[in-house]
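Asks: Got a structure for you, questions after.
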Amino acid sequence: MKQLHFIVNPISGKGKSLVTEKLLHTHFPTSEYTIDIQFTKFKKHAIELVHEAIQANTDLIVACGGDGTINEVASQLVNSKIPLGIIPQGSGNGLSSNLKIPRNLDQALQVIKNFKVDAIDVGKINDHFFFSNTGIGFDASLIKHYELSQKRTLKGYIQAGLTAFFEKKKSEALLVKKDENQFSILPFLIFVSNSNEMGYRMSITPKASLQDGLLDVVMIPQTNPINKVIWSTSLLLKKSHWFQKIQTFQTNKIQLEGEEITEFEVQIDGEFKTLLTKEITIQVLPKSLKILMP
């Protein structure tokens, strides 16, 4: 008999979660499955619930929510024997879209029932895991304003992007270390991706793979407003790689260091964070998360 733990963020998807114990029992009969369903009550609560599920020797932990909930759950399962299942219910859903997990609830539950386990790469920025992407500069500022707006819609995302775009903020030069090379950049954007989608079906790393052991890096130096408009337009048209000032490469590790910086504002899987450090290391942990795929 399989033991399944469902961790549900009840406010994801505009607070209209349809994952209930009654529904789950229609898909997972009690003769074959033991079902436990827990609802998160505050930020980071999912982490506690994962630890409880691990102690109960569960066979599977399913994250039901958006990218933030999925990150909280998945971060506790890195290098674990327990696989992760996903029921996408958030606004962006970048990771689940990359994995081709259906938004339709019944179809997503069927993926859980099929129990096809594979492994994907995991990104790590200092002590924090990410599964889709992380970024600094414009990207982090966008997420900061997106969280402040509390509008979990594409319109809210675009409005936050416009606010970040016109924000007057001093940019500090960074030393970038990759392999045995190093160079300086005054960044408008540094985006490091493990998956090929940011959410809302937008992407600036369309060739990124969750299973190639590499991270896809996009760097854009500070530039004039006209060039920023050109890049933003190309992003919306899904043609950002056409932007002439963009620098892209793949790596398994990159370090960023600022001489006058005491903290980095970053976004990690769509969550804004401030890292109190002068240096950040971003690396990939190949095939370190077991996950259910269609």
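We label chains A, B, ... in the order they appear in the structure tokens, count residues from 1 in each chain, and number ligands from 1 in the order shown.
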At most 6 Å is the cut-off: for each residue in region 171-264 of chain A with any atom that close to an atom of region 282-285 of chain A, write down the nearest atom pair and the distance in Å rounded to one decimal, counting only C-alpha atoms, chain first then increasing number, as CSV.

Replies:
residue,atom,partner,partner_atom,distance
A:Asn252,CA,A:Val284,CA,5.4
A:Lys253,CA,A:Gln283,CA,4.2
A:Ile254,CA,A:Ile282,CA,5.3

Asks: Restrict the selected residues to C-alpha atoms and save them as an mmCIF file, in the first residue's frame.

Replies:
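That gives us again-v9.cif:
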data_model
loop_
_atom_site.group_PDB
_atom_site.id
_atom_site.type_symbol
_atom_site.label_atom_id
_atom_site.label_comp_id
_atom_site.auth_asym_id
_atom_site.auth_seq_id
_atom_site.Cartn_x
_atom_site.Cartn_y
_atom_site.Cartn_z
ATOM 1 C CA ASN A 252 27.968 24.170 -14.034
ATOM 2 C CA LYS A 253 29.206 26.903 -11.696
ATOM 3 C CA ILE A 254 29.492 30.673 -11.627
#

Asks: Name all residues at most 8 Å from Val192 (chain A) (count only C-alpha atoms; drop same-chain ones fewer than 2 positions away) and give them as a VMD selection string.

Replies: chain A and resid 133 to 135 190 194 215 to 218

Asks: In Å, rounded to a single decimal, give me how far CA of Lys81 (chain A) is from CA of Gly213 (chain A).

Replies: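 Answer for the CA of Gly213 (chain A) to CA of Lys81 (chain A) separation: 19.4 Å.
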
Asks: Using only C-alpha atoms, which protein or nucleic acid residues come within 12 Å of Thr248 (chain A)? Drop anything in the same chain fewer than 4 positions from it, and give the result as a list of chain:residue names.

Replies: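 Result of the neighbour search: A:Leu189, A:Ile190, A:Phe191, A:Val192, A:Ser193, A:Ile204, A:Thr205, A:Pro206, A:Lys207, A:Ala208, A:Leu215, A:Asp216, A:Val217, A:Val218, A:Met219, A:Ile220, A:Pro221, A:Ser240, A:His241, A:Trp242, A:Phe243, A:Gln244.
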
Asks: Counting only C-alpha atoms, figure out which residue out of A:Glu197, A:Glu48, A:Glu265, A:Glu32 gets nearest to Leu4 (chain A).

Replies: A:Glu32

Asks: Going by DSSP on the backbone, which bits of region 27-196 of chain A are strand (DSSP E)? Write them as JSON, numbers by chain, please.

Replies: {"A": [33, 34, 35, 36, 37, 38, 39, 60, 61, 62, 63, 64, 65, 84, 85, 86, 87, 88, 117, 118, 119, 120, 121, 122, 123, 124, 125, 128, 129, 130, 133, 134, 135, 136, 137, 174, 175, 176, 177, 178, 181, 182, 183, 184, 185, 187, 188, 189, 190, 191, 192, 193]}

Asks: Ranking A:Thr30, A:Thr20, A:Ser209, A:Gln255 by minimum distance to Ser184 (chain A) and counting only C-alpha atoms, which one comes first?

Replies: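 Among the listed residues, the smallest separation from Ser184 (chain A) belongs to A:Gln255.
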
Asks: Using only C-alpha atoms, determine which residues lie at most 12 Å from His51 (chain A), disregarding the query and same-chain residues fewer than 4 positions distant; provide the list as a list of chain:residue names.

Replies: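 Residues near the query, excluding close chain neighbours: A:His5, A:Ile7, A:Lys44, A:His45, A:Ala46, A:Ile47, A:Gln55, A:Ala56, A:Asn57, A:Thr58, A:Ile61, A:Glu72, A:Val73, A:Ala74, A:Ser75, A:Gln76, A:Leu77, A:Ser80, A:Ile82.
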
Asks: Distance CA of Lys116 (chain A)-CA of Pro294 (chain A), one decimal place?

Replies: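 Computed distance, CA of Lys116 (chain A) to CA of Pro294 (chain A), equals 6.9 Å.
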
Asks: Can you pull out the residues contacting Leu162 (chain A)? Cut-off 12 Å, using only C-alpha atoms, and skip same-chain residues under 2 positions away; I want them as a ChimeraX atom specification.

Replies: /A:138-139,141-143,145-146,155-160,164-167,228-229,232-233
